[in-house]
file query_2.cif (mmCIF, C-alpha atoms)
data_data
#
loop_
_atom_site.label_atom_id
_atom_site.label_comp_id
_atom_site.auth_asym_id
_atom_site.auth_seq_id
_atom_site.Cartn_x
_atom_site.Cartn_y
_atom_site.Cartn_z
CA MET A 1283 87.75 58.33 73.58
CA TYR A 1284 89.69 61.61 73.87
CA LYS A 1285 88.87 63.64 70.79
CA ASN A 1286 89.83 66.86 72.46
CA LEU A 1287 93.57 67.20 72.90
CA ARG A 1288 93.22 69.84 75.61
CA CYS A 1289 91.06 67.54 77.77
CA CYS A 1290 93.53 64.73 77.24
CA ILE A 1291 96.43 66.92 78.35
CA ILE A 1292 94.56 68.21 81.41
CA PHE A 1293 93.64 64.66 82.38
CA GLY A 1294 97.29 63.63 81.91
CA PHE A 1295 98.52 66.40 84.18
CA PHE A 1296 96.19 65.36 87.02
CA PHE A 1297 96.91 61.67 86.41
CA THR A 1298 100.65 62.32 86.64
CA VAL A 1299 100.40 64.43 89.79
CA ILE A 1300 98.15 61.92 91.57
CA VAL A 1301 99.98 58.76 90.49
CA GLY A 1302 103.37 60.42 91.04
CA THR A 1303 102.36 61.35 94.56
CA LEU A 1304 101.30 57.77 95.27
CA LEU A 1305 104.53 56.46 93.74
CA HIS A 1306 106.46 58.35 96.40
CA PHE A 1307 105.21 55.80 98.93
CA ALA A 1308 104.93 52.71 96.71
CA TYR A 1309 108.38 51.27 97.43
CA ASP A 1310 107.76 51.20 101.19
CA TRP A 1311 104.18 50.00 100.72
CA SER A 1312 105.47 47.09 98.61
CA ASN A 1313 107.90 46.04 101.35
CA HIS A 1314 110.80 47.04 99.08
CA ALA A 1315 109.80 44.87 96.12
CA PHE A 1316 112.35 44.79 93.31
CA LEU A 1317 109.83 45.44 90.52
CA VAL A 1318 108.43 48.46 92.34
CA SER A 1319 111.96 49.81 92.79
CA LEU A 1320 112.26 50.10 89.03
CA VAL A 1321 109.54 52.78 88.82
CA ALA A 1322 109.25 54.22 92.34
CA PRO A 1323 111.84 56.11 94.39
CA VAL A 1324 113.95 53.85 96.59
CA ASN A 1325 115.49 56.75 98.54
CA GLU A 1326 115.26 60.53 98.91
CA SER A 1327 117.80 61.45 96.23
CA THR A 1328 116.83 63.98 93.60
CA TRP A 1329 117.39 61.37 90.88
CA GLU A 1330 114.91 58.98 92.43
CA HIS A 1331 112.34 61.75 92.75
CA MET A 1332 112.54 62.37 89.01
CA LYS A 1333 110.74 59.02 88.67
CA LEU A 1334 107.63 60.60 90.23
CA LEU A 1335 107.00 62.53 87.03
CA PHE A 1336 108.69 60.27 84.50
CA PHE A 1337 106.84 56.98 84.91
CA PRO A 1338 103.28 58.28 85.36
CA MET A 1339 103.71 60.62 82.39
CA LEU A 1340 105.28 57.84 80.32
CA LEU A 1341 102.34 55.56 81.10
CA PHE A 1342 99.88 58.31 80.26
CA SER A 1343 101.82 59.17 77.08
CA ILE A 1344 101.58 55.60 75.82
CA PHE A 1345 97.83 55.67 76.48
CA CYS A 1346 97.40 59.09 74.87
CA ILE A 1347 99.48 58.15 71.82
CA SER A 1348 97.27 55.12 71.22
CA LYS A 1349 94.15 57.35 71.35
CA GLN A 1350 95.36 60.56 69.70
CA LYS A 1351 97.99 59.61 67.11
CA SER A 1352 95.55 59.49 64.22
CA SER A 1353 94.04 62.88 65.12
CA TYR A 1354 97.34 64.50 66.10
CA PRO A 1355 100.33 63.04 64.23
CA ASN A 1356 102.82 64.95 66.43
CA THR A 1357 101.62 63.29 69.65
CA VAL A 1358 104.71 61.12 70.14
CA SER A 1359 107.25 63.90 69.67
CA GLY A 1360 105.25 66.41 71.72
CA LEU A 1361 104.59 64.13 74.68
CA PHE A 1362 108.09 62.69 74.80
CA ALA A 1363 109.68 66.15 74.59
CA GLY A 1364 107.39 67.29 77.41
CA LEU A 1365 108.26 64.16 79.39
CA LEU A 1366 111.99 64.83 79.10
CA LEU A 1367 111.57 68.54 79.86
CA GLY A 1368 109.44 67.94 82.95
CA THR A 1369 111.73 65.22 84.26
CA PHE A 1370 114.83 67.41 84.01
CA LEU A 1371 113.08 70.49 85.38
CA ILE A 1372 112.79 68.70 88.74
CA PRO A 1373 116.52 68.88 89.55
CA ILE A 1374 116.83 72.30 87.91
CA PHE A 1375 114.08 73.81 90.06
CA PHE A 1376 115.12 71.89 93.18
CA TYR A 1377 118.80 72.85 93.05
CA THR A 1378 117.95 76.43 92.12
CA TYR A 1379 115.68 77.04 95.09
CA THR A 1380 117.83 75.10 97.57
CA GLY A 1381 120.90 76.93 96.28
CA ILE A 1382 119.20 80.26 96.95
CA LEU A 1383 117.76 79.31 100.35
CA GLY A 1384 120.57 77.02 101.48
CA PHE A 1385 118.10 74.33 102.58
CA ASP A 1386 115.06 72.49 101.24
CA VAL A 1387 111.45 73.07 102.22
CA PHE A 1388 108.86 70.29 102.02
CA TRP A 1389 106.07 72.35 100.44
CA LEU A 1390 108.53 73.76 97.87
CA ASP A 1391 109.55 70.20 96.96
CA ILE A 1392 105.89 69.47 96.22
CA ALA A 1393 105.61 72.71 94.24
CA VAL A 1394 108.67 71.69 92.19
CA PHE A 1395 106.97 68.41 91.25
CA ILE A 1396 103.66 70.06 90.35
CA LEU A 1397 105.31 72.93 88.46
CA SER A 1398 107.54 70.52 86.52
CA SER A 1399 104.47 68.46 85.62
CA PHE A 1400 102.64 71.60 84.53
CA PHE A 1401 105.50 72.66 82.25
CA ALA A 1402 105.80 69.11 80.89
CA PHE A 1403 102.17 68.99 79.80
CA THR A 1404 101.96 72.61 78.69
CA SER A 1405 104.97 72.19 76.43
CA ALA A 1406 103.69 68.83 75.18
CA TYR A 1407 100.37 70.44 74.24
CA ARG A 1408 102.06 73.26 72.34
CA LEU A 1409 104.53 70.93 70.61
CA ILE A 1410 101.80 68.53 69.53
CA GLN A 1411 99.89 71.42 67.99
CA SER A 1412 102.90 73.05 66.33
CA GLY A 1413 104.61 69.90 65.08
CA LYS A 1414 108.01 71.58 65.56
CA LEU A 1415 109.67 68.36 66.75
CA LYS A 1416 108.08 65.94 64.28
CA ASN A 1417 111.48 65.31 62.65
CA CYS A 1418 112.96 64.48 66.07
CA THR A 1419 110.50 61.71 66.95
CA TYR A 1420 112.98 58.84 66.77
CA LEU A 1421 115.61 60.79 68.70
CA LEU A 1422 113.06 61.55 71.44
CA ILE A 1423 111.97 57.91 71.59
CA GLY A 1424 115.63 56.88 71.93
CA LEU A 1425 116.23 59.40 74.72
CA VAL A 1426 113.17 58.18 76.61
CA ILE A 1427 114.37 54.57 76.27
CA ILE A 1428 117.86 55.51 77.50
CA LEU A 1429 116.43 57.42 80.46
CA THR A 1430 114.14 54.49 81.31
CA ILE A 1431 117.15 52.15 81.37
CA CYS A 1432 119.02 54.61 83.58
CA PHE A 1433 116.09 54.74 86.00
CA PHE A 1434 116.13 50.93 86.15
CA LEU A 1435 119.89 50.66 86.74
CA PHE A 1436 120.88 53.65 88.87
CA PRO A 1437 119.04 52.71 92.07
CA TYR A 1438 121.45 49.78 92.26
CA PHE A 1439 124.51 51.25 90.52
CA PRO A 1440 124.35 55.02 91.15
CA PRO A 1441 127.07 57.29 89.81
CA LYS A 1442 129.04 59.04 92.54
CA ILE A 1443 127.62 62.54 92.06
CA GLY A 1444 125.28 64.66 94.17
CA LEU A 1445 122.18 64.03 92.05
CA PHE A 1446 122.19 60.41 93.24
CA LYS A 1447 123.13 61.04 96.88
CA ASN A 1448 120.52 60.11 99.44
CA PRO A 1449 120.33 63.09 101.84
CA VAL A 1450 118.68 60.99 104.57
#

call {"tool": "encode", "arguments": {"input": "query_2.cif", "output": "structure tokens"}}
result
Amino acid sequence: MYKNLRCCIIFGFFFTVIVGTLLHFAYDWSNHAFLVSLVAPVNESTWEHMKLLFFPMLLFSIFCISKQKSSYPNTVSGLFAGLLLGTFLIPIFFYTYTGILGFDVFWLDIAVFILSSFFAFTSAYRLIQSGKLKNCTYLLIGLVIILTICFFLFPYFPPKIGLFKNPV
């Protein structure tokens, strides 16, 4: 279906931004359903907002891997490295700009999400082409699994650090 890696990556970026935006509201729309809480933010903490990029990109990555792995053998390592990078750029960008300004701004929060998604897919594209992380595939899969488990557990058992604090 997607023979052109660039088109696949562009589609993935827009898919992630659109689905991630919808996920922001999914928990309330579902009347606080437990299953939705696993993949959608349950509060306004930075940690929960990392889910907005992580789960849509993970879903897209699984789809893309099934379509592109034979044409691009580095698809798993590239996409999973991009997924981890984009997910962790959200708190990096957020805390950097709020540390400079001293407060958060709604449109900058949106820009952080979009910019993090852009870097996630741009780096994934380059890493798939270069194959630089091919030897790290199993490590990246393990890290994605660990992060998924953390996203499932921490809404209910959050560590007592600022990343998990609900500012509302």

call {"tool": "residues_near_point", "arguments": {"input": "query_2.cif", "point": "(110.0, 67.6, 101.0)", "cutoff": "12 Å", "atoms": "all atoms listed in the file", "output": "list in words"}}
result
Thr1303, His1306, Glu1326, Ser1327, Thr1328, His1331, Phe1376, Thr1380, Phe1385, Asp1386, Val1387, Phe1388, Trp1389, Leu1390, Asp1391, Ile1392, Ala1393, Val1394, Phe1395, Pro1449 and Val1450 of chain A

call {"tool": "residues_around", "arguments": {"input": "query_2.cif", "residues": "A:Val1426", "least_positions_apart": "3", "cutoff": "10 Å", "atoms": "only C-alpha atoms", "output": "MDAnalysis selection string"}}
result
chainID A and resid 1336 1340 1362:1363 1365:1366 1420:1423 1429:1432

call {"tool": "residues_around", "arguments": {"input": "query_2.cif", "residues": "A:Thr1419", "least_positions_apart": "6", "cutoff": "12 Å", "atoms": "only C-alpha atoms", "output": "PDB file with C-alpha atoms, keeping the file's coordinate frame"}}
result
ATOM      1  CA  PRO A1355     100.330  63.040  64.230  1.00  0.00           C
ATOM      2  CA  ASN A1356     102.820  64.950  66.430  1.00  0.00           C
ATOM      3  CA  THR A1357     101.620  63.290  69.650  1.00  0.00           C
ATOM      4  CA  VAL A1358     104.710  61.120  70.140  1.00  0.00           C
ATOM      5  CA  SER A1359     107.250  63.900  69.670  1.00  0.00           C
ATOM      6  CA  GLY A1360     105.250  66.410  71.720  1.00  0.00           C
ATOM      7  CA  LEU A1361     104.590  64.130  74.680  1.00  0.00           C
ATOM      8  CA  PHE A1362     108.090  62.690  74.800  1.00  0.00           C
ATOM      9  CA  ALA A1363     109.680  66.150  74.590  1.00  0.00           C
ATOM     10  CA  LEU A1409     104.530  70.930  70.610  1.00  0.00           C
ATOM     11  CA  ILE A1410     101.800  68.530  69.530  1.00  0.00           C
ATOM     12  CA  GLY A1413     104.610  69.900  65.080  1.00  0.00           C
ATOM     13  CA  LEU A1425     116.230  59.400  74.720  1.00  0.00           C
ATOM     14  CA  VAL A1426     113.170  58.180  76.610  1.00  0.00           C
TER      15      VAL A1426
END

call {"tool": "closest_residue", "arguments": {"input": "query_2.cif", "among": "A:Ile1347, A:Cys1418, A:Leu1320, A:Leu1397", "to": "A:Ile1374", "atoms": "all atoms listed in the file"}}
result
A:Leu1397

call {"tool": "closest_residue", "arguments": {"input": "query_2.cif", "among": "A:Val1324, A:Ala1406, A:Leu1341, A:Ala1315", "to": "A:Val1301", "atoms": "only C-alpha atoms"}}
result
A:Leu1341

call {"tool": "closest_residue", "arguments": {"input": "query_2.cif", "among": "A:Arg1288, A:Lys1442, A:Lys1414, A:Lys1447", "to": "A:Gln1350", "atoms": "all atoms listed in the file"}}
result
A:Arg1288

call {"tool": "atom_distance", "arguments": {"input": "query_2.cif", "atom1": "atom CA of A:Pro1338", "atom2": "atom CA of A:Thr1298"}}
result
5.0 Å

call {"tool": "closest_residue", "arguments": {"input": "query_2.cif", "among": "A:Pro1437, A:Tyr1354, A:Ile1382, A:Leu1445", "to": "A:Phe1316", "atoms": "only C-alpha atoms"}}
result
A:Pro1437

call {"tool": "closest_residue", "arguments": {"input": "query_2.cif", "among": "A:Phe1446, A:Phe1295, A:Tyr1309, A:Phe1345", "to": "A:Val1321", "atoms": "only C-alpha atoms"}}
result
A:Tyr1309

call {"tool": "decode", "arguments": {"input": "query_2.cif", "residues": "stretch 1355-1391 of chain A", "atoms": "N, CA, C and O atoms", "output": "PDB file, in the first residue's frame"}}
result
ATOM      1  N   PRO A1355      14.139  -2.572   5.884  1.00  0.00           N
ATOM      2  CA  PRO A1355      14.375  -3.446   7.037  1.00  0.00           C
ATOM      3  C   PRO A1355      14.645  -2.704   8.348  1.00  0.00           C
ATOM      4  O   PRO A1355      14.580  -3.306   9.412  1.00  0.00           O
ATOM      5  N   ASN A1356      14.918  -1.419   8.297  1.00  0.00           N
ATOM      6  CA  ASN A1356      15.200  -0.651   9.513  1.00  0.00           C
ATOM      7  C   ASN A1356      13.969   0.074  10.041  1.00  0.00           C
ATOM      8  O   ASN A1356      14.086   0.972  10.877  1.00  0.00           O
ATOM      9  N   THR A1357      12.799  -0.307   9.568  1.00  0.00           N
ATOM     10  CA  THR A1357      11.564   0.386   9.941  1.00  0.00           C
ATOM     11  C   THR A1357      11.297   0.323  11.443  1.00  0.00           C
ATOM     12  O   THR A1357      10.940   1.335  12.052  1.00  0.00           O
ATOM     13  N   VAL A1358      11.469  -0.834  12.041  1.00  0.00           N
ATOM     14  CA  VAL A1358      11.174  -0.977  13.477  1.00  0.00           C
ATOM     15  C   VAL A1358      12.084  -0.075  14.298  1.00  0.00           C
ATOM     16  O   VAL A1358      11.612   0.724  15.118  1.00  0.00           O
ATOM     17  N   SER A1359      13.374  -0.172  14.076  1.00  0.00           N
ATOM     18  CA  SER A1359      14.312   0.628  14.878  1.00  0.00           C
ATOM     19  C   SER A1359      14.114   2.121  14.632  1.00  0.00           C
ATOM     20  O   SER A1359      14.139   2.921  15.578  1.00  0.00           O
ATOM     21  N   GLY A1360      13.908   2.520  13.397  1.00  0.00           N
ATOM     22  CA  GLY A1360      13.718   3.936  13.088  1.00  0.00           C
ATOM     23  C   GLY A1360      12.463   4.515  13.705  1.00  0.00           C
ATOM     24  O   GLY A1360      12.491   5.577  14.327  1.00  0.00           O
ATOM     25  N   LEU A1361      11.346   3.816  13.541  1.00  0.00           N
ATOM     26  CA  LEU A1361      10.080   4.324  14.082  1.00  0.00           C
ATOM     27  C   LEU A1361      10.064   4.317  15.602  1.00  0.00           C
ATOM     28  O   LEU A1361       9.583   5.266  16.226  1.00  0.00           O
ATOM     29  N   PHE A1362      10.589   3.272  16.210  1.00  0.00           N
ATOM     30  CA  PHE A1362      10.576   3.217  17.670  1.00  0.00           C
ATOM     31  C   PHE A1362      11.539   4.237  18.284  1.00  0.00           C
ATOM     32  O   PHE A1362      11.247   4.818  19.331  1.00  0.00           O
ATOM     33  N   ALA A1363      12.672   4.485  17.644  1.00  0.00           N
ATOM     34  CA  ALA A1363      13.568   5.538  18.127  1.00  0.00           C
ATOM     35  C   ALA A1363      12.887   6.898  17.992  1.00  0.00           C
ATOM     36  O   ALA A1363      12.948   7.727  18.911  1.00  0.00           O
ATOM     37  N   GLY A1364      12.228   7.135  16.873  1.00  0.00           N
ATOM     38  CA  GLY A1364      11.484   8.382  16.693  1.00  0.00           C
ATOM     39  C   GLY A1364      10.365   8.521  17.702  1.00  0.00           C
ATOM     40  O   GLY A1364      10.127   9.609  18.239  1.00  0.00           O
ATOM     41  N   LEU A1365       9.676   7.432  17.974  1.00  0.00           N
ATOM     42  CA  LEU A1365       8.596   7.423  18.959  1.00  0.00           C
ATOM     43  C   LEU A1365       9.115   7.826  20.335  1.00  0.00           C
ATOM     44  O   LEU A1365       8.528   8.669  21.014  1.00  0.00           O
ATOM     45  N   LEU A1366      10.213   7.242  20.757  1.00  0.00           N
ATOM     46  CA  LEU A1366      10.782   7.572  22.062  1.00  0.00           C
ATOM     47  C   LEU A1366      11.292   9.012  22.089  1.00  0.00           C
ATOM     48  O   LEU A1366      11.044   9.737  23.056  1.00  0.00           O
ATOM     49  N   LEU A1367      11.957   9.430  21.021  1.00  0.00           N
ATOM     50  CA  LEU A1367      12.452  10.805  20.961  1.00  0.00           C
ATOM     51  C   LEU A1367      11.301  11.804  21.058  1.00  0.00           C
ATOM     52  O   LEU A1367      11.324  12.719  21.885  1.00  0.00           O
ATOM     53  N   GLY A1368      10.293  11.639  20.231  1.00  0.00           N
ATOM     54  CA  GLY A1368       9.165  12.568  20.224  1.00  0.00           C
ATOM     55  C   GLY A1368       8.441  12.612  21.555  1.00  0.00           C
ATOM     56  O   GLY A1368       8.075  13.693  22.040  1.00  0.00           O
ATOM     57  N   THR A1369       8.262  11.462  22.163  1.00  0.00           N
ATOM     58  CA  THR A1369       7.567  11.392  23.447  1.00  0.00           C
ATOM     59  C   THR A1369       8.328  12.167  24.515  1.00  0.00           C
ATOM     60  O   THR A1369       7.728  12.926  25.289  1.00  0.00           O
ATOM     61  N   PHE A1370       9.650  12.013  24.558  1.00  0.00           N
ATOM     62  CA  PHE A1370      10.427  12.691  25.593  1.00  0.00           C
ATOM     63  C   PHE A1370      10.759  14.140  25.250  1.00  0.00           C
ATOM     64  O   PHE A1370      11.140  14.912  26.132  1.00  0.00           O
ATOM     65  N   LEU A1371      10.575  14.531  23.995  1.00  0.00           N
ATOM     66  CA  LEU A1371      10.738  15.944  23.653  1.00  0.00           C
ATOM     67  C   LEU A1371       9.602  16.787  24.232  1.00  0.00           C
ATOM     68  O   LEU A1371       9.799  17.977  24.510  1.00  0.00           O
ATOM     69  N   ILE A1372       8.438  16.192  24.425  1.00  0.00           N
ATOM     70  CA  ILE A1372       7.307  16.950  24.975  1.00  0.00           C
ATOM     71  C   ILE A1372       7.662  17.575  26.327  1.00  0.00           C
ATOM     72  O   ILE A1372       7.547  18.793  26.480  1.00  0.00           O
ATOM     73  N   PRO A1373       8.113  16.816  27.320  1.00  0.00           N
ATOM     74  CA  PRO A1373       8.471  17.486  28.579  1.00  0.00           C
ATOM     75  C   PRO A1373       9.706  18.383  28.450  1.00  0.00           C
ATOM     76  O   PRO A1373       9.796  19.411  29.120  1.00  0.00           O
ATOM     77  N   ILE A1374      10.635  18.009  27.584  1.00  0.00           N
ATOM     78  CA  ILE A1374      11.828  18.850  27.405  1.00  0.00           C
ATOM     79  C   ILE A1374      11.433  20.219  26.872  1.00  0.00           C
ATOM     80  O   ILE A1374      11.827  21.257  27.420  1.00  0.00           O
ATOM     81  N   PHE A1375      10.657  20.250  25.802  1.00  0.00           N
ATOM     82  CA  PHE A1375      10.220  21.530  25.233  1.00  0.00           C
ATOM     83  C   PHE A1375       9.314  22.290  26.198  1.00  0.00           C
ATOM     84  O   PHE A1375       9.447  23.499  26.374  1.00  0.00           O
ATOM     85  N   PHE A1376       8.374  21.569  26.823  1.00  0.00           N
ATOM     86  CA  PHE A1376       7.422  22.219  27.725  1.00  0.00           C
ATOM     87  C   PHE A1376       8.129  22.887  28.900  1.00  0.00           C
ATOM     88  O   PHE A1376       7.906  24.059  29.206  1.00  0.00           O
ATOM     89  N   TYR A1377       9.001  22.126  29.588  1.00  0.00           N
ATOM     90  CA  TYR A1377       9.668  22.688  30.760  1.00  0.00           C
ATOM     91  C   TYR A1377      10.701  23.741  30.382  1.00  0.00           C
ATOM     92  O   TYR A1377      10.975  24.650  31.166  1.00  0.00           O
ATOM     93  N   THR A1378      11.246  23.656  29.182  1.00  0.00           N
ATOM     94  CA  THR A1378      12.178  24.692  28.727  1.00  0.00           C
ATOM     95  C   THR A1378      11.447  26.010  28.524  1.00  0.00           C
ATOM     96  O   THR A1378      11.843  27.053  29.067  1.00  0.00           O
ATOM     97  N   TYR A1379      10.349  25.980  27.765  1.00  0.00           N
ATOM     98  CA  TYR A1379       9.673  27.253  27.500  1.00  0.00           C
ATOM     99  C   TYR A1379       8.973  27.803  28.743  1.00  0.00           C
ATOM    100  O   TYR A1379       8.975  29.018  28.971  1.00  0.00           O
ATOM    101  N   THR A1380       8.395  26.930  29.573  1.00  0.00           N
ATOM    102  CA  THR A1380       7.750  27.451  30.790  1.00  0.00           C
ATOM    103  C   THR A1380       8.784  27.918  31.805  1.00  0.00           C
ATOM    104  O   THR A1380       8.511  28.826  32.588  1.00  0.00           O
ATOM    105  N   GLY A1381       9.966  27.322  31.784  1.00  0.00           N
ATOM    106  CA  GLY A1381      11.040  27.790  32.657  1.00  0.00           C
ATOM    107  C   GLY A1381      11.535  29.172  32.255  1.00  0.00           C
ATOM    108  O   GLY A1381      11.867  29.993  33.104  1.00  0.00           O
ATOM    109  N   ILE A1382      11.558  29.422  30.953  1.00  0.00           N
ATOM    110  CA  ILE A1382      11.985  30.735  30.462  1.00  0.00           C
ATOM    111  C   ILE A1382      10.915  31.782  30.725  1.00  0.00           C
ATOM    112  O   ILE A1382      11.202  32.872  31.230  1.00  0.00           O
ATOM    113  N   LEU A1383       9.658  31.449  30.384  1.00  0.00           N
ATOM    114  CA  LEU A1383       8.571  32.422  30.537  1.00  0.00           C
ATOM    115  C   LEU A1383       8.060  32.529  31.976  1.00  0.00           C
ATOM    116  O   LEU A1383       7.556  33.570  32.375  1.00  0.00           O
ATOM    117  N   GLY A1384       8.117  31.434  32.713  1.00  0.00           N
ATOM    118  CA  GLY A1384       7.575  31.416  34.064  1.00  0.00           C
ATOM    119  C   GLY A1384       6.111  31.021  34.117  1.00  0.00           C
ATOM    120  O   GLY A1384       5.512  30.980  35.185  1.00  0.00           O
ATOM    121  N   PHE A1385       5.518  30.726  32.979  1.00  0.00           N
ATOM    122  CA  PHE A1385       4.117  30.307  32.901  1.00  0.00           C
ATOM    123  C   PHE A1385       3.924  29.579  31.573  1.00  0.00           C
ATOM    124  O   PHE A1385       4.779  29.637  30.693  1.00  0.00           O
ATOM    125  N   ASP A1386       2.799  28.868  31.452  1.00  0.00           N
ATOM    126  CA  ASP A1386       2.543  28.170  30.192  1.00  0.00           C
ATOM    127  C   ASP A1386       1.510  28.929  29.369  1.00  0.00           C
ATOM    128  O   ASP A1386       0.690  29.662  29.905  1.00  0.00           O
ATOM    129  N   VAL A1387       1.599  28.726  28.062  1.00  0.00           N
ATOM    130  CA  VAL A1387       0.738  29.401  27.098  1.00  0.00           C
ATOM    131  C   VAL A1387       0.087  28.322  26.244  1.00  0.00           C
ATOM    132  O   VAL A1387       0.779  27.442  25.715  1.00  0.00           O
ATOM    133  N   PHE A1388      -1.229  28.383  26.111  1.00  0.00           N
ATOM    134  CA  PHE A1388      -1.977  27.335  25.417  1.00  0.00           C
ATOM    135  C   PHE A1388      -1.450  27.061  24.013  1.00  0.00           C
ATOM    136  O   PHE A1388      -1.206  25.915  23.643  1.00  0.00           O
ATOM    137  N   TRP A1389      -1.255  28.088  23.202  1.00  0.00           N
ATOM    138  CA  TRP A1389      -0.833  27.860  21.823  1.00  0.00           C
ATOM    139  C   TRP A1389       0.595  27.311  21.763  1.00  0.00           C
ATOM    140  O   TRP A1389       0.942  26.575  20.845  1.00  0.00           O
ATOM    141  N   LEU A1390       1.426  27.625  22.770  1.00  0.00           N
ATOM    142  CA  LEU A1390       2.766  27.042  22.821  1.00  0.00           C
ATOM    143  C   LEU A1390       2.703  25.562  23.214  1.00  0.00           C
ATOM    144  O   LEU A1390       3.518  24.763  22.751  1.00  0.00           O
ATOM    145  N   ASP A1391       1.734  25.206  24.050  1.00  0.00           N
ATOM    146  CA  ASP A1391       1.542  23.789  24.385  1.00  0.00           C
ATOM    147  C   ASP A1391       1.208  22.989  23.123  1.00  0.00           C
ATOM    148  O   ASP A1391       1.725  21.890  22.914  1.00  0.00           O
TER     149      ASP A1391
END
